[in-house]
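Okay, structure first, notes after.
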Amino acid sequence: EPYMIDRSHADAIAGIKTLKVVSIEDGESESNPSAAFTTSTLQMAAQNSLQLTPKQTMELAQKLYEAGAITYMRTDSVNFSAEAFVALKEYAINNDLPIEDKQRLFASKGGAQEAHEAIRPTSFNRKEVGDGKIQALYNMIWMRAVASQLKAARYKTREAVLNQTVLVTEDGRQVNKTAVFKAKGRQLIYSGWKDLTTLNYSEVEDDDKEVESSNQIPMLTVDQVVDVTRCEVKEKNTTPPKRLTSVGLIKRIESAGIGRPSTYVPIVETLERREYIRYEKKQIH
């Protein structure tokens with residue numbers, strides 16, 4: 001369980017001095033790149049990485065579109081055209097990028113109209129469009145579009161399960177229980193799309209991101225007994241759901257099927273203009 005509600009149980013488990021190895025498994029896993037941006041994911045990623053509001057993002061994207069640097073920026077499609085993939089493949093081969101042999105297609109959300117392809121550069125050879133925020137936004141679009149068609153990153157994984165019997169008090173009497181621990185670790189063995197950039201242009205807000213562990217689990221053998229070097233009990237208090245930001249609200253609007261990509265920003269602006277909502281440190285009240 002992620003949490004224990006009996007403090008005496010937690011204290012008893014924290015006192016364990018040795019653990020017995022139940023199983024150890026080696027394997028491989030893959031990490032696929034994200035799809036090229038849609039309107040909403042671009043707005044979310046731009047707020048997370050560039051601290052741009054959805055309105056600022058769309059204004060900059062409009063300028064990029066009018067300059068012929070990117071495809072239409074109001075779209076709910078996660079895939080770009082077959083012709084664009086051919087152009088990207090040529091660019092990747094010329095620049096030693098690990099491109100997929102066939103175009104990787106992503107599943108669209110239910111209700112997506114996909115009248116326009118995903119947001120991408122009109123030319124993958126174009127790297128410069130200006131400076132400041134507009135260049136930063138273009139870099140995000142370029143990176144996500146290119147990375148979406150590169151090979152998956154591969155990891156060597158190891159999972160260990162260990163346990164120990166512990167004496168705990170239940171209903172006024174002492175009983176033996178088995179405390180089970182699981183350790184997972186992974187090691188990058190092939191970079192794939194991660195060769196392109198170390199930056200994470202993610203639409204997922206920081207609090208919701210999965211923490212990537214590179215913990216190296218040592219090679220163990222079944223029935224081996226290992227010493228516990230440290231164990232501590234930590235107290236956690238429950239917290240209410242965090243407030244929405246403008247991009248969090250847009251994410252809810254999209255998932256509820258309200259409006260279209262072109263209307264997400266006007267909907268949020270209308271709520272603010274009519275004073276149904278106000279912002280405090282980017283959070284909606």
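Ordering of the structure tokens sets the chain letters (A, B, ...), residue numbers begin anew at 1 in every chain, and ligands are numbered from 1 in the order given.
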
Quick check for you: according to DSSP on this backbone, which residues of segment 36-272 of chain A are classed as helix (DSSP H, G or I)? Reply as a PyMOL selection string. chain A and resi 39-50+54-66+82-94+132-147+192-195+206-208+246-255+261-272

Could you list, as a JSON list (two decimals) with N, CA and C atoms, in the first residue's frame, every residue within 6 Å of segment 222-236 of chain A, counting only C-alpha atoms and ignoring same-chain residues fewer than 4 positions away?
[["chain", "number", "residue", "atom", "x", "y", "z"],
["A", 14, "ALA", "N", 9.61, -0.28, 10.30],
["A", 14, "ALA", "CA", 10.82, 0.54, 10.27],
["A", 14, "ALA", "C", 11.95, -0.08, 11.10],
["A", 17, "LYS", "N", 15.59, -5.26, 10.38],
["A", 17, "LYS", "CA", 17.04, -5.17, 10.21],
["A", 17, "LYS", "C", 17.56, -5.93, 8.98],
["A", 18, "THR", "N", 16.84, -6.97, 8.57],
["A", 18, "THR", "CA", 17.26, -7.73, 7.39],
["A", 18, "THR", "C", 16.06, -8.06, 6.52],
["A", 19, "LEU", "N", 16.31, -8.28, 5.21],
["A", 19, "LEU", "CA", 15.26, -8.65, 4.26],
["A", 19, "LEU", "C", 15.73, -9.85, 3.45],
["A", 20, "LYS", "N", 14.77, -10.68, 3.10],
["A", 20, "LYS", "CA", 15.07, -11.86, 2.29],
["A", 20, "LYS", "C", 14.61, -11.62, 0.85],
["A", 21, "VAL", "N", 15.47, -11.95, -0.10],
["A", 21, "VAL", "CA", 15.14, -11.76, -1.51],
["A", 21, "VAL", "C", 14.16, -12.84, -1.97],
["A", 22, "VAL", "N", 12.99, -12.43, -2.42],
["A", 22, "VAL", "CA", 11.96, -13.36, -2.90],
["A", 22, "VAL", "C", 12.14, -13.61, -4.40],
["A", 23, "SER", "N", 12.40, -12.55, -5.16],
["A", 23, "SER", "CA", 12.57, -12.70, -6.61],
["A", 23, "SER", "C", 13.41, -11.55, -7.14]]

Spatial neighbours of Glu90 of chain A, max dist 10 Å, only C-alpha atoms, sep filter under 6 positions, as number ranges by chain: A: 84, 99, 124

Write to file, as a PDB file, in the first residue's frame, the residues of the selection just made, with N, CA, C and O atoms.
ATOM      1  N   ALA A  84       4.884  14.831 -45.100  1.00  0.00           N
ATOM      2  CA  ALA A  84       5.754  15.460 -44.097  1.00  0.00           C
ATOM      3  C   ALA A  84       6.721  14.434 -43.511  1.00  0.00           C
ATOM      4  O   ALA A  84       7.887  14.744 -43.237  1.00  0.00           O
ATOM      5  N   ILE A  99      15.672   7.688 -37.108  1.00  0.00           N
ATOM      6  CA  ILE A  99      14.292   7.783 -37.587  1.00  0.00           C
ATOM      7  C   ILE A  99      13.663   6.395 -37.716  1.00  0.00           C
ATOM      8  O   ILE A  99      14.335   5.414 -38.029  1.00  0.00           O
ATOM      9  N   PHE A 124      11.668  21.080 -42.066  1.00  0.00           N
ATOM     10  CA  PHE A 124      12.457  20.596 -40.937  1.00  0.00           C
ATOM     11  C   PHE A 124      13.892  21.130 -40.986  1.00  0.00           C
ATOM     12  O   PHE A 124      14.612  21.073 -39.986  1.00  0.00           O
TER      13      PHE A 124
END

I want to know what sits within 7 Å of Thr165 of chain A, based on only C-alpha atoms, with residues of the same chain fewer than 5 positions away left out; could you give that as an mmCIF file with N, CA, C and O atoms, in the first residue's frame?
data_model
loop_
_atom_site.group_PDB
_atom_site.id
_atom_site.type_symbol
_atom_site.label_atom_id
_atom_site.label_comp_id
_atom_site.auth_asym_id
_atom_site.auth_seq_id
_atom_site.Cartn_x
_atom_site.Cartn_y
_atom_site.Cartn_z
ATOM 1 N N ASN A 176 2.061 -12.331 13.580
ATOM 2 C CA ASN A 176 3.120 -12.216 12.578
ATOM 3 C C ASN A 176 2.512 -11.827 11.228
ATOM 4 O O ASN A 176 1.547 -12.435 10.771
ATOM 5 N N LYS A 177 3.090 -10.825 10.596
ATOM 6 C CA LYS A 177 2.673 -10.403 9.260
ATOM 7 C C LYS A 177 3.909 -10.386 8.363
ATOM 8 O O LYS A 177 5.039 -10.270 8.833
ATOM 9 N N THR A 178 3.666 -10.487 7.063
ATOM 10 C CA THR A 178 4.775 -10.409 6.116
ATOM 11 C C THR A 178 4.810 -9.020 5.483
ATOM 12 O O THR A 178 3.833 -8.598 4.862
ATOM 13 N N ALA A 179 5.915 -8.332 5.672
ATOM 14 C CA ALA A 179 6.117 -7.032 5.037
ATOM 15 C C ALA A 179 6.838 -7.261 3.709
ATOM 16 O O ALA A 179 7.882 -7.916 3.673
#

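Proximity ranking of A:Ala256, A:Ile277, A:Ala153, A:Leu220 relative to Glu30 of chain A places A:Ala153 first, based on only C-alpha atoms.
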
Surrounding residues of Asn95 of chain A excluding itself and chain neighbours under 3 positions, 12 Å, only C-alpha atoms, as a ChimeraX atom specification: /A:88-92,98-99,124-125,146,195-196

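Within 12 Å of Glu254 of chain A, once only C-alpha atoms are used and residues closer than 6 positions along the same chain are dropped, the contacting residues are Thr38, Thr39, Ser40, Thr41, Met44, Thr75, Asp76, Lys109, Gly110, Gly111, Ala112, Val247, Gly248, Arg260, Pro261, Ser262, Thr263, Tyr264, Val265, Ile267 and Val268 of chain A.
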
For a quick check of understanding, using only C-alpha atoms, which of A:Gln216, A:Val180, A:Gln149, A:Thr197 has the smallest distance to Gln164 of chain A? A:Val180

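Nearest to Met73 of chain A of all the residues A:Ala152, A:Ile253, A:Ala145, A:Leu42 is A:Leu42, based on only C-alpha atoms.
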
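With only C-alpha atoms as the atoms that count, the residue of A:Asp101, A:Asp131, A:Glu117, A:Asp96 with the shortest distance to Arg74 of chain A is A:Glu117.
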
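Going from atom CA of Val204 of chain A to atom CA of Leu97 of chain A covers 25.7 Å.
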
Can you work out which one of A:Met58, A:Leu271, A:Ile250, A:Ile70 has the shortest atom-to-atom distance to Glu203 of chain A, counting only C-alpha atoms? A:Ile250

Within 12 Å of Ala107 of chain A using only C-alpha atoms, minus same-chain residues under 6 positions, as a list of chain:residue names: A:Ser34, A:Ala35, A:Ala36, A:Asp76, A:Ser77, A:Val78, A:Asn79, A:Glu114

Kindly export the residues of the current selection with all heavy atoms, as an mmCIF file, in the first residue's frame.
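Dumped everything to out27.cif:
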data_model
loop_
_atom_site.group_PDB
_atom_site.id
_atom_site.type_symbol
_atom_site.label_atom_id
_atom_site.label_comp_id
_atom_site.auth_asym_id
_atom_site.auth_seq_id
_atom_site.Cartn_x
_atom_site.Cartn_y
_atom_site.Cartn_z
ATOM 1 N N SER A 34 6.528 11.541 -27.434
ATOM 2 C CA SER A 34 5.162 12.062 -27.481
ATOM 3 C C SER A 34 4.811 12.460 -28.913
ATOM 4 O O SER A 34 5.685 12.650 -29.754
ATOM 5 C CB SER A 34 5.030 13.291 -26.567
ATOM 6 O OG SER A 34 5.309 12.951 -25.228
ATOM 7 N N ALA A 35 3.529 12.594 -29.160
ATOM 8 C CA ALA A 35 3.061 13.042 -30.483
ATOM 9 C C ALA A 35 3.407 14.506 -30.694
ATOM 10 O O ALA A 35 3.656 15.251 -29.737
ATOM 11 C CB ALA A 35 1.550 12.848 -30.585
ATOM 12 N N ALA A 36 3.420 14.924 -31.950
ATOM 13 C CA ALA A 36 3.561 16.353 -32.254
ATOM 14 C C ALA A 36 2.394 17.099 -31.599
ATOM 15 O O ALA A 36 1.363 16.518 -31.268
ATOM 16 C CB ALA A 36 3.565 16.564 -33.763
ATOM 17 N N ASP A 76 -6.728 19.529 -33.675
ATOM 18 C CA ASP A 76 -6.804 18.498 -32.637
ATOM 19 C C ASP A 76 -6.194 17.179 -33.117
ATOM 20 O O ASP A 76 -6.357 16.133 -32.499
ATOM 21 C CB ASP A 76 -8.253 18.275 -32.173
ATOM 22 C CG ASP A 76 -9.201 17.953 -33.330
ATOM 23 O OD1 ASP A 76 -8.715 17.690 -34.453
ATOM 24 O OD2 ASP A 76 -10.431 17.965 -33.122
ATOM 25 N N SER A 77 -5.468 17.228 -34.230
ATOM 26 C CA SER A 77 -4.839 16.018 -34.761
ATOM 27 C C SER A 77 -3.463 15.812 -34.136
ATOM 28 O O SER A 77 -2.718 16.766 -33.905
ATOM 29 C CB SER A 77 -4.690 16.111 -36.277
ATOM 30 O OG SER A 77 -4.005 14.978 -36.783
ATOM 31 N N VAL A 78 -3.121 14.544 -33.874
ATOM 32 C CA VAL A 78 -1.815 14.208 -33.285
ATOM 33 C C VAL A 78 -0.854 13.652 -34.337
ATOM 34 O O VAL A 78 0.271 13.287 -34.017
ATOM 35 C CB VAL A 78 -1.970 13.185 -32.138
ATOM 36 C CG1 VAL A 78 -2.599 13.841 -30.920
ATOM 37 C CG2 VAL A 78 -2.799 11.979 -32.587
ATOM 38 N N ASN A 79 -1.289 13.583 -35.580
ATOM 39 C CA ASN A 79 -0.441 13.041 -36.647
ATOM 40 C C ASN A 79 -0.250 14.072 -37.752
ATOM 41 O O ASN A 79 -1.115 14.908 -37.986
ATOM 42 C CB ASN A 79 -1.083 11.783 -37.254
ATOM 43 C CG ASN A 79 -1.168 10.655 -36.245
ATOM 44 O OD1 ASN A 79 -0.169 10.209 -35.706
ATOM 45 N ND2 ASN A 79 -2.388 10.201 -35.966
ATOM 46 N N GLU A 114 -9.798 16.356 -36.630
ATOM 47 C CA GLU A 114 -8.581 16.156 -37.423
ATOM 48 C C GLU A 114 -8.694 16.763 -38.826
ATOM 49 O O GLU A 114 -8.273 16.183 -39.821
ATOM 50 C CB GLU A 114 -8.241 14.662 -37.522
ATOM 51 C CG GLU A 114 -8.016 14.010 -36.165
ATOM 52 C CD GLU A 114 -7.591 12.564 -36.259
ATOM 53 O OE1 GLU A 114 -8.488 11.704 -36.361
ATOM 54 O OE2 GLU A 114 -6.386 12.299 -36.233
#

Residue set, segment 40-278 of chain A restricted to strand (DSSP E), as JSON, numbers by chain: {"A": [153, 154, 155, 156, 157, 158, 159, 160, 161, 162, 163, 164, 165, 166, 167, 168, 169, 170, 173, 174, 175, 176, 177, 178, 179, 180, 181, 182, 183, 184, 185, 186, 187, 188, 189, 190, 225, 226, 227]}

Do you have, as a Markdown table, the list of residues of segment 96-124 of chain A lying at most 12 Å from segment 133-138 of chain A, each with its nearest atom pair and that distance in Å to one decimal, counting only C-alpha atoms and ordered by chain then number?
| residue | atom | partner | partner_atom | distance |
| --- | --- | --- | --- | --- |
| A:Ile119 | CA | A:Tyr138 | CA | 10.4 |
| A:Arg120 | CA | A:Tyr138 | CA | 9.1 |
| A:Pro121 | CA | A:Tyr138 | CA | 8.0 |
| A:Thr122 | CA | A:Tyr138 | CA | 11.2 |
| A:Ser123 | CA | A:Tyr138 | CA | 11.8 |
| A:Phe124 | CA | A:Tyr138 | CA | 11.2 |
